[in-house]
$ cat work_7.pdb   # PDB, C-alpha atoms
MODEL        1
ATOM      1  CA  MET A   1       0.000   0.000   0.000
ATOM      2  CA  GLU A   2       1.085   3.542  -0.726
ATOM      3  CA  SER A   3       0.100   6.681   1.154
ATOM      4  CA  LYS A   4      -2.647   7.492  -1.353
ATOM      5  CA  TYR A   5      -4.491   4.300  -0.392
ATOM      6  CA  VAL A   6      -4.863   5.339   3.242
ATOM      7  CA  ALA A   7      -6.119   8.865   2.591
ATOM      8  CA  ASN A   8      -9.524   9.757   4.045
ATOM      9  CA  ILE A   9      -9.904   6.639   6.214
ATOM     10  CA  ILE A  10      -9.222   7.960   9.719
ATOM     11  CA  GLN A  11     -12.952   8.524  10.298
ATOM     12  CA  ARG A  12     -13.915   4.986   9.242
ATOM     13  CA  GLY A  13     -14.405   2.015  11.547
ATOM     14  CA  GLY A  14     -13.447  -1.577  10.812
ATOM     15  CA  THR A  15     -10.613  -2.495   8.476
ATOM     16  CA  ILE A  16     -10.181  -1.415   4.875
ATOM     17  CA  LEU A  17      -7.940  -4.459   4.357
ATOM     18  CA  LYS A  18     -10.888  -6.820   4.990
ATOM     19  CA  THR A  19      -8.686  -8.833   7.344
ATOM     20  CA  ALA A  20     -10.009 -11.755   9.363
ATOM     21  CA  ARG A  21      -8.753 -14.918  11.046
ATOM     22  CA  SER A  22      -7.106 -17.335   8.632
ATOM     23  CA  SER A  23      -7.165 -21.041   9.403
ATOM     24  CA  GLY A  24      -4.407 -21.524   6.835
ATOM     25  CA  PHE A  25      -2.053 -19.245   8.763
ATOM     26  CA  MET A  26      -2.262 -21.588  11.750
ATOM     27  CA  GLU A  27      -0.308 -24.191   9.766
ATOM     28  CA  TYR A  28       3.338 -23.893   8.751
ATOM     29  CA  GLU A  29       2.547 -24.187   5.033
ATOM     30  CA  GLY A  30       0.107 -21.298   5.311
ATOM     31  CA  ARG A  31       2.692 -19.102   7.007
ATOM     32  CA  LYS A  32       5.247 -20.091   4.378
ATOM     33  CA  LYS A  33       2.837 -18.952   1.675
ATOM     34  CA  ALA A  34       2.426 -15.635   3.507
ATOM     35  CA  TYR A  35       6.196 -15.220   3.681
ATOM     36  CA  LYS A  36       6.539 -15.776  -0.066
ATOM     37  CA  ASN A  37       3.870 -13.133  -0.675
ATOM     38  CA  LEU A  38       5.819 -10.665   1.442
ATOM     39  CA  GLN A  39       8.988 -11.415  -0.509
ATOM     40  CA  LYS A  40       7.126 -11.012  -3.781
ATOM     41  CA  HIS A  41       5.978  -7.522  -2.825
ATOM     42  CA  GLY A  42       9.220  -6.404  -1.166
ATOM     43  CA  ILE A  43       7.729  -6.158   2.320
ATOM     44  CA  ASP A  44      10.358  -6.558   5.045
ATOM     45  CA  GLY A  45       8.406  -5.703   8.196
ATOM     46  CA  LEU A  46       4.880  -5.965   9.612
ATOM     47  CA  VAL A  47       2.726  -3.929  11.966
ATOM     48  CA  ILE A  48       0.117  -6.221  13.522
ATOM     49  CA  ILE A  49      -3.037  -4.579  14.885
ATOM     50  CA  GLY A  50      -5.018  -6.947  17.081
ATOM     51  CA  GLY A  51      -5.136  -8.867  20.329
ATOM     52  CA  ASP A  52      -3.266 -11.760  21.890
ATOM     53  CA  GLY A  53      -4.190 -14.187  19.103
ATOM     54  CA  SER A  54      -2.745 -11.872  16.480
ATOM     55  CA  PHE A  55       0.401 -11.384  18.544
ATOM     56  CA  ARG A  56       0.877 -15.128  18.983
ATOM     57  CA  GLY A  57       0.701 -15.540  15.226
ATOM     58  CA  ALA A  58       3.118 -12.650  14.696
ATOM     59  CA  LYS A  59       5.604 -14.076  17.202
ATOM     60  CA  THR A  60       5.579 -17.503  15.538
ATOM     61  CA  PHE A  61       5.768 -16.030  12.037
ATOM     62  CA  SER A  62       8.666 -13.744  12.949
ATOM     63  CA  GLU A  63      10.636 -16.562  14.539
ATOM     64  CA  GLU A  64      10.120 -18.918  11.596
ATOM     65  CA  PHE A  65      10.906 -16.508   8.772
ATOM     66  CA  ASP A  66      12.902 -13.701  10.409
ATOM     67  CA  ILE A  67      10.335 -11.017   9.606
ATOM     68  CA  PRO A  68      10.392  -8.158  12.145
ATOM     69  CA  CYS A  69       6.934  -7.547  13.618
ATOM     70  CA  ILE A  70       5.505  -4.803  15.816
ATOM     71  CA  GLY A  71       2.135  -5.122  17.552
ATOM     72  CA  LEU A  72      -0.510  -2.497  18.203
ATOM     73  CA  PRO A  73      -3.240  -3.352  20.747
ATOM     74  CA  GLY A  74      -6.517  -3.274  18.837
ATOM     75  CA  THR A  75      -9.436  -4.776  20.770
ATOM     76  CA  ILE A  76     -12.660  -3.392  22.221
ATOM     77  CA  ASP A  77     -12.187  -5.681  25.250
ATOM     78  CA  ARG A  78      -9.219  -3.653  26.571
ATOM     79  CA  ASP A  79      -7.736  -6.721  28.244
ATOM     80  CA  ILE A  80      -4.180  -6.805  26.878
ATOM     81  CA  VAL A  81      -1.278  -6.748  29.321
ATOM     82  CA  GLY A  82       1.185  -3.876  28.807
ATOM     83  CA  THR A  83      -1.084  -0.971  27.897
ATOM     84  CA  ASP A  84      -3.683   1.229  29.580
ATOM     85  CA  ASP A  85      -5.526   1.766  26.300
ATOM     86  CA  THR A  86      -6.465  -0.365  23.326
ATOM     87  CA  ILE A  87      -7.579   0.901  19.935
ATOM     88  CA  GLY A  88     -11.357   0.591  19.648
ATOM     89  CA  PHE A  89     -12.331   0.426  23.318
ATOM     90  CA  ASP A  90     -13.252   4.086  23.717
ATOM     91  CA  THR A  91     -15.431   4.037  20.601
ATOM     92  CA  ALA A  92     -17.174   0.829  21.677
ATOM     93  CA  VAL A  93     -17.882   1.967  25.222
ATOM     94  CA  ASN A  94     -19.198   5.338  24.042
ATOM     95  CA  THR A  95     -21.499   3.526  21.615
ATOM     96  CA  ALA A  96     -22.798   1.463  24.541
ATOM     97  CA  VAL A  97     -23.270   4.571  26.702
ATOM     98  CA  GLU A  98     -25.204   6.363  23.977
ATOM     99  CA  ALA A  99     -27.492   3.356  23.495
ATOM    100  CA  ILE A 100     -28.083   2.895  27.242
ATOM    101  CA  ASP A 101     -28.897   6.602  27.659
ATOM    102  CA  LYS A 102     -31.659   6.184  25.078
ATOM    103  CA  ILE A 103     -32.915   3.025  26.765
ATOM    104  CA  ARG A 104     -33.189   4.942  30.042
ATOM    105  CA  ASP A 105     -35.833   7.182  28.464
ATOM    106  CA  THR A 106     -38.235   4.266  28.054
ATOM    107  CA  MET A 107     -37.236   2.883  31.462
ATOM    108  CA  ASP A 108     -38.243   6.134  33.142
ATOM    109  CA  ALA A 109     -41.465   6.372  31.153
ATOM    110  CA  HIS A 110     -42.724   2.901  32.060
ATOM    111  CA  ASP A 111     -41.080   2.016  35.415
ATOM    112  CA  ARG A 112     -39.186  -0.959  34.091
ATOM    113  CA  LEU A 113     -36.182  -3.039  35.006
ATOM    114  CA  PHE A 114     -33.891  -3.153  31.995
ATOM    115  CA  ILE A 115     -31.075  -5.650  31.581
ATOM    116  CA  VAL A 116     -28.651  -4.462  28.913
ATOM    117  CA  GLU A 117     -26.089  -6.898  27.574
ATOM    118  CA  VAL A 118     -22.847  -5.465  26.192
ATOM    119  CA  MET A 119     -19.884  -7.201  24.605
ATOM    120  CA  GLY A 120     -17.176  -8.792  26.699
ATOM    121  CA  ARG A 121     -16.957 -12.573  26.545
ATOM    122  CA  ASP A 122     -13.869 -12.750  28.757
ATOM    123  CA  ALA A 123     -13.483  -9.167  29.958
ATOM    124  CA  GLY A 124     -15.909  -6.801  31.651
ATOM    125  CA  TYR A 125     -14.392  -3.421  30.838
ATOM    126  CA  ILE A 126     -17.202  -2.289  28.501
ATOM    127  CA  ALA A 127     -19.840  -3.345  31.041
ATOM    128  CA  LEU A 128     -17.991  -1.685  33.919
ATOM    129  CA  HIS A 129     -17.314   1.637  32.190
ATOM    130  CA  SER A 130     -20.697   1.945  30.487
ATOM    131  CA  GLY A 131     -22.486   0.858  33.672
ATOM    132  CA  ILE A 132     -20.804   3.495  35.822
ATOM    133  CA  ALA A 133     -21.225   6.177  33.139
ATOM    134  CA  THR A 134     -24.975   5.530  32.845
ATOM    135  CA  GLY A 135     -25.727   5.113  36.546
ATOM    136  CA  ALA A 136     -26.511   1.396  36.451
ATOM    137  CA  GLU A 137     -27.793  -0.121  39.673
ATOM    138  CA  ASN A 138     -25.831  -3.322  39.036
ATOM    139  CA  VAL A 139     -22.934  -4.286  36.771
ATOM    140  CA  LEU A 140     -22.165  -7.969  36.186
ATOM    141  CA  ILE A 141     -18.806  -8.937  34.696
ATOM    142  CA  PRO A 142     -16.901 -12.211  34.061
ATOM    143  CA  GLU A 143     -14.128 -11.278  36.482
ATOM    144  CA  THR A 144     -16.434 -11.238  39.517
ATOM    145  CA  LYS A 145     -18.741 -14.050  40.629
ATOM    146  CA  THR A 146     -22.321 -12.828  40.817
ATOM    147  CA  ASP A 147     -24.036 -13.260  44.168
ATOM    148  CA  VAL A 148     -27.616 -13.816  43.004
ATOM    149  CA  GLU A 149     -29.001 -13.501  46.543
ATOM    150  CA  GLU A 150     -27.325 -10.135  46.964
ATOM    151  CA  LEU A 151     -28.646  -9.028  43.561
ATOM    152  CA  ILE A 152     -32.243 -10.041  44.393
ATOM    153  CA  GLU A 153     -31.996  -8.433  47.828
ATOM    154  CA  SER A 154     -30.761  -5.205  46.252
ATOM    155  CA  LEU A 155     -33.627  -5.127  43.740
ATOM    156  CA  SER A 156     -36.172  -5.999  46.444
ATOM    157  CA  GLU A 157     -34.902  -3.216  48.685
ATOM    158  CA  LYS A 158     -35.231  -0.712  45.848
ATOM    159  CA  GLU A 159     -38.730  -2.001  45.156
ATOM    160  CA  LYS A 160     -39.702  -1.263  48.775
ATOM    161  CA  ARG A 161     -38.414   2.275  48.322
ATOM    162  CA  MET A 162     -40.661   2.513  45.244
ATOM    163  CA  LYS A 163     -37.637   2.745  43.000
ATOM    164  CA  MET A 164     -39.123   0.789  40.120
ATOM    165  CA  VAL A 165     -36.683   1.992  37.462
ATOM    166  CA  ASN A 166     -33.537  -0.127  37.580
ATOM    167  CA  LEU A 167     -30.728  -0.764  35.116
ATOM    168  CA  ILE A 168     -28.476  -3.807  35.101
ATOM    169  CA  VAL A 169     -25.552  -3.872  32.677
ATOM    170  CA  VAL A 170     -24.175  -7.349  32.071
ATOM    171  CA  ALA A 171     -21.209  -8.515  29.997
ATOM    172  CA  GLU A 172     -22.094 -11.257  27.515
ATOM    173  CA  GLY A 173     -19.608 -13.632  29.101
ATOM    174  CA  GLU A 174     -20.733 -13.160  32.695
ATOM    175  CA  GLY A 175     -19.911 -16.550  34.155
ATOM    176  CA  GLU A 176     -22.924 -17.966  36.006
ATOM    177  CA  PHE A 177     -25.648 -16.513  33.800
ATOM    178  CA  GLY A 178     -23.828 -16.143  30.487
ATOM    179  CA  GLY A 179     -25.814 -13.118  29.404
ATOM    180  CA  ALA A 180     -28.930 -11.022  29.829
ATOM    181  CA  ASN A 181     -31.638 -13.510  28.835
ATOM    182  CA  ARG A 182     -30.702 -16.132  31.428
ATOM    183  CA  LEU A 183     -30.318 -13.457  34.079
ATOM    184  CA  ALA A 184     -33.796 -12.101  33.273
ATOM    185  CA  LYS A 185     -35.317 -15.570  33.824
ATOM    186  CA  VAL A 186     -33.631 -15.888  37.225
ATOM    187  CA  ILE A 187     -34.834 -12.461  38.372
ATOM    188  CA  LYS A 188     -38.379 -12.992  37.036
ATOM    189  CA  LYS A 189     -38.657 -16.249  38.947
ATOM    190  CA  ARG A 190     -37.664 -14.537  42.196
ATOM    191  CA  LEU A 191     -39.442 -11.215  41.551
ATOM    192  CA  PRO A 192     -42.510 -12.131  39.486
ATOM    193  CA  ILE A 193     -44.070  -8.652  39.608
ATOM    194  CA  ALA A 194     -40.994  -7.001  38.083
ATOM    195  CA  ASP A 195     -41.547  -5.598  34.582
ATOM    196  CA  ILE A 196     -38.322  -6.800  32.950
ATOM    197  CA  ARG A 197     -36.993  -5.957  29.508
ATOM    198  CA  VAL A 198     -33.804  -7.251  27.878
ATOM    199  CA  CYS A 199     -31.732  -5.398  25.307
ATOM    200  CA  ILE A 200     -28.682  -6.999  23.679
ATOM    201  CA  LEU A 201     -26.539  -4.349  21.988
ATOM    202  CA  GLY A 202     -24.432  -6.849  20.043
ATOM    203  CA  HIS A 203     -22.258  -5.893  17.095
ATOM    204  CA  ILE A 204     -23.382  -2.272  17.045
ATOM    205  CA  GLN A 205     -20.471  -1.815  19.478
ATOM    206  CA  ARG A 206     -17.939  -2.940  16.881
ATOM    207  CA  GLY A 207     -18.711  -0.334  14.250
ATOM    208  CA  GLY A 208     -19.110   3.375  13.745
ATOM    209  CA  SER A 209     -16.842   6.351  13.398
ATOM    210  CA  PRO A 210     -13.865   6.156  15.804
ATOM    211  CA  SER A 211     -13.836   8.550  18.740
ATOM    212  CA  CYS A 212     -11.268  11.325  18.956
ATOM    213  CA  HIS A 213      -9.441   9.409  21.698
ATOM    214  CA  ASP A 214      -9.164   6.263  19.574
ATOM    215  CA  ARG A 215      -7.878   8.268  16.594
ATOM    216  CA  LEU A 216      -5.241   9.905  18.764
ATOM    217  CA  ILE A 217      -3.902   6.763  20.433
ATOM    218  CA  ALA A 218      -3.903   4.865  17.122
ATOM    219  CA  SER A 219      -1.879   7.661  15.508
ATOM    220  CA  HIS A 220       0.432   7.916  18.507
ATOM    221  CA  MET A 221       1.148   4.193  18.746
ATOM    222  CA  GLY A 222       1.303   3.831  14.960
ATOM    223  CA  TYR A 223       4.070   6.419  14.745
ATOM    224  CA  TYR A 224       6.200   4.556  17.271
ATOM    225  CA  ALA A 225       5.463   1.209  15.616
ATOM    226  CA  VAL A 226       7.020   2.381  12.360
ATOM    227  CA  GLU A 227       9.873   4.096  14.197
ATOM    228  CA  SER A 228      10.587   0.834  16.032
ATOM    229  CA  LEU A 229      10.898  -1.102  12.776
ATOM    230  CA  LEU A 230      13.242   1.551  11.362
ATOM    231  CA  ILE A 231      15.621   1.369  14.343
ATOM    232  CA  GLY A 232      15.568  -2.440  14.551
ATOM    233  CA  ARG A 233      13.243  -2.909  17.508
ATOM    234  CA  HIS A 234      10.794  -5.734  16.862
ATOM    235  CA  ASN A 235       8.686  -8.528  18.369
ATOM    236  CA  VAL A 236       7.201  -6.068  20.842
ATOM    237  CA  MET A 237       3.789  -4.488  21.330
ATOM    238  CA  VAL A 238       3.592  -0.704  21.441
ATOM    239  CA  GLY A 239       1.320   0.388  24.278
ATOM    240  CA  ILE A 240       0.594   3.397  26.445
ATOM    241  CA  VAL A 241       1.187   3.250  30.200
ATOM    242  CA  ASN A 242       0.691   6.360  32.339
ATOM    243  CA  ASN A 243       0.382   8.433  29.136
ATOM    244  CA  LYS A 244       3.814   7.320  27.922
ATOM    245  CA  ILE A 245       4.771   4.928  25.135
ATOM    246  CA  HIS A 246       5.601   1.510  26.562
ATOM    247  CA  TYR A 247       7.063  -1.550  24.821
ATOM    248  CA  THR A 248       6.019  -5.051  25.873
ATOM    249  CA  PRO A 249       7.607  -8.216  24.397
ATOM    250  CA  PHE A 250       5.118 -10.414  22.557
ATOM    251  CA  GLU A 251       5.674 -13.316  24.946
ATOM    252  CA  LYS A 252       4.527 -11.144  27.866
ATOM    253  CA  ALA A 253       1.658  -9.499  25.981
ATOM    254  CA  VAL A 254       0.161 -12.880  25.043
ATOM    255  CA  LYS A 255       0.517 -14.610  28.388
ATOM    256  CA  THR A 256      -2.592 -16.314  29.733
ATOM    257  CA  GLU A 257      -3.198 -13.816  32.538
ATOM    258  CA  LYS A 258      -5.285 -10.931  31.223
ATOM    259  CA  GLN A 259      -5.393  -7.334  32.345
ATOM    260  CA  LYS A 260      -7.305  -7.386  35.641
ATOM    261  CA  ILE A 261     -10.141  -5.134  36.754
ATOM    262  CA  GLY A 262      -9.452  -3.631  40.166
ATOM    263  CA  GLN A 263     -12.007  -4.541  42.831
ATOM    264  CA  GLU A 264     -12.248  -0.892  43.873
ATOM    265  CA  TRP A 265     -14.241  -0.270  40.692
ATOM    266  CA  MET A 266     -16.894  -2.771  41.743
ATOM    267  CA  LYS A 267     -17.025  -1.092  45.145
ATOM    268  CA  ILE A 268     -17.611   2.238  43.388
ATOM    269  CA  VAL A 269     -20.509   0.710  41.414
ATOM    270  CA  LYS A 270     -22.231  -0.404  44.626
ATOM    271  CA  ILE A 271     -21.742   2.943  46.376
ATOM    272  CA  LEU A 272     -23.004   5.010  43.452
ATOM    273  CA  ALA A 273     -26.061   2.775  42.958
ATOM    274  CA  SER A 274     -27.139   2.714  46.601
TER     275      SER A 274
ENDMDL
END

$ encode --input "work_7.pdb" --output "structure tokens"
Amino acid sequence: MESKYVANIIQRGGTILKTARSSGFMEYEGRKKAYKNLQKHGIDGLVIIGGDGSFRGAKTFSEEFDIPCIGLPGTIDRDIVGTDDTIGFDTAVNTAVEAIDKIRDTMDAHDRLFIVEVMGRDAGYIALHSGIATGAENVLIPETKTDVEELIESLSEKEKRMKMVNLIVVAEGEGEFGGANRLAKVIKKRLPIADIRVCILGHIQRGGSPSCHDRLIASHMGYYAVESLLIGRHNVMVGIVNNKIHYTPFEKAVKTEKQKIGQEWMKIVKILAS
């Protein structure tokens, strides 16, 4: 690609390259084919935008064919070790907040309990941030085991105070319930008079025009990714820690342990919702 091919794309979501997972790349012959394509086009370095799966592939590919690779953290889950920000998270969470704000209008009008499911199969950052930002009474995430008795007690107590409008934000991968629909059935069984509605936001969170913050961090990290290749630094992920560029080796960025959500955030949710 030349510079003219990337003009006027900064405001677009998704990927203009139409990239997706390749089963062929998981086999040596597939990676060998990729290497030959790079040779054919005179490409001697790669910038990989993705998550831990992409970085694992880049690490293996680089070791097998001596192609320098630099990683940029691109995932709406924001669960990569070695960076405070990931490209796409801010846009996704703001999309969720905007949608939940609109849902609140119908909640207030009809005194309903709404359960909104956001993305996050293994990580609850979108649920946590959007829940706090929209004043949710409860936020359920995969990282924390849900105490159903405590949840029912909380809703019952609010019912006694005639607080009929309640919002629960749940990550799709929330362990015990696995999403909003199953949670709604549990609550309805225990609180049969509750007027419950479920809204699953789904893939709307993965599209749309990138936020200013996402455009800035992508540009910032992208600059240092190219600079790294030029000076011979490779097999690292470029991240941002405490507002400064930070380099994390691929083997550390892809380790099993994900970025953890601090328990103080869950304490904040409970205090604000009381």

$ residues_around --input "work_7.pdb" --residues "Gly14 in chain A" --least-positions-apart "6" --cutoff "10 Å" --atoms "only C-alpha atoms" --output "PyMOL selection string"
chain A and resi 88+206-210

$ atom_distance --input "work_7.pdb" --atom1 "CA of Arg197 in chain A" --atom2 "CA of Arg112 in chain A"
7.1 Å

$ resolve_selection --input "work_7.pdb" --expression "the PyMOL selection byres ((chain A and resi 229) around 10)" --output "list in words"
Asp44, Gly45, Leu46, Val47, Pro68, Cys69, Ile70, Tyr224, Ala225, Val226, Glu227, Ser228, Leu230, Ile231, Gly232, Arg233, His234 and Asn235 of chain A

$ resolve_selection --input "work_7.pdb" --expression "the PyMOL selection byres ((chain A and resi 188-190) around 12)" --output "VMD selection string"
chain A and resid 113 to 115 148 to 149 151 to 153 155 to 156 181 to 187 191 to 198

$ resolve_selection --input "work_7.pdb" --expression "the PyMOL selection byres ((chain A and resi 246) around 10)" --output "mmCIF file with C-alpha atoms, in the frame of the given file"
data_model
loop_
_atom_site.group_PDB
_atom_site.id
_atom_site.type_symbol
_atom_site.label_atom_id
_atom_site.label_comp_id
_atom_site.auth_asym_id
_atom_site.auth_seq_id
_atom_site.Cartn_x
_atom_site.Cartn_y
_atom_site.Cartn_z
ATOM 1 C CA GLY A 82 1.185 -3.876 28.807
ATOM 2 C CA THR A 83 -1.084 -0.971 27.897
ATOM 3 C CA ASP A 84 -3.683 1.229 29.580
ATOM 4 C CA MET A 221 1.148 4.193 18.746
ATOM 5 C CA TYR A 224 6.200 4.556 17.271
ATOM 6 C CA VAL A 236 7.201 -6.068 20.842
ATOM 7 C CA MET A 237 3.789 -4.488 21.330
ATOM 8 C CA VAL A 238 3.592 -0.704 21.441
ATOM 9 C CA GLY A 239 1.320 0.388 24.278
ATOM 10 C CA ILE A 240 0.594 3.397 26.445
ATOM 11 C CA VAL A 241 1.187 3.250 30.200
ATOM 12 C CA ASN A 242 0.691 6.360 32.339
ATOM 13 C CA ASN A 243 0.382 8.433 29.136
ATOM 14 C CA LYS A 244 3.814 7.320 27.922
ATOM 15 C CA ILE A 245 4.771 4.928 25.135
ATOM 16 C CA TYR A 247 7.063 -1.550 24.821
ATOM 17 C CA THR A 248 6.019 -5.051 25.873
#

$ atom_distance --input "work_7.pdb" --atom1 "CA of Met266 in chain A" --atom2 "CA of Thr134 in chain A"
14.6 Å

$ atom_distance --input "work_7.pdb" --atom1 "CA of Pro249 in chain A" --atom2 "CA of Gly173 in chain A"
28.1 Å

$ closest_residue --input "work_7.pdb" --among "A:Ala58, A:Ile10, A:Val116, A:Met1" --to "Phe250 in chain A" --atoms "only C-alpha atoms"
A:Ala58

$ closest_residue --input "work_7.pdb" --among "A:Leu72, A:Glu2, A:Gly30, A:Ile261" --to "Tyr223 in chain A" --atoms "only C-alpha atoms"
A:Leu72

$ axis_aligned_box --input "work_7.pdb" --around "range 191-208 of chain A" --padding-each-side "5 Å" --output "AutoDock Vina command-line options"
--center_x -31.0 --center_y -4.4 --center_z 27.6 --size_x 36.1 --size_y 25.5 --size_z 37.8

$ residues_near_point --input "work_7.pdb" --point "(-9.9, 4.3, 9.9)" --cutoff "12 Å" --atoms "all atoms listed in the file" --output "PyMOL selection string"
chain A and resi 5-17+87-88+207-212+214-216+218-219

$ closest_residue --input "work_7.pdb" --among "A:Thr144, A:Thr60, A:Ser22, A:Gln263" --to "Ala171 in chain A" --atoms "only C-alpha atoms"
A:Thr144
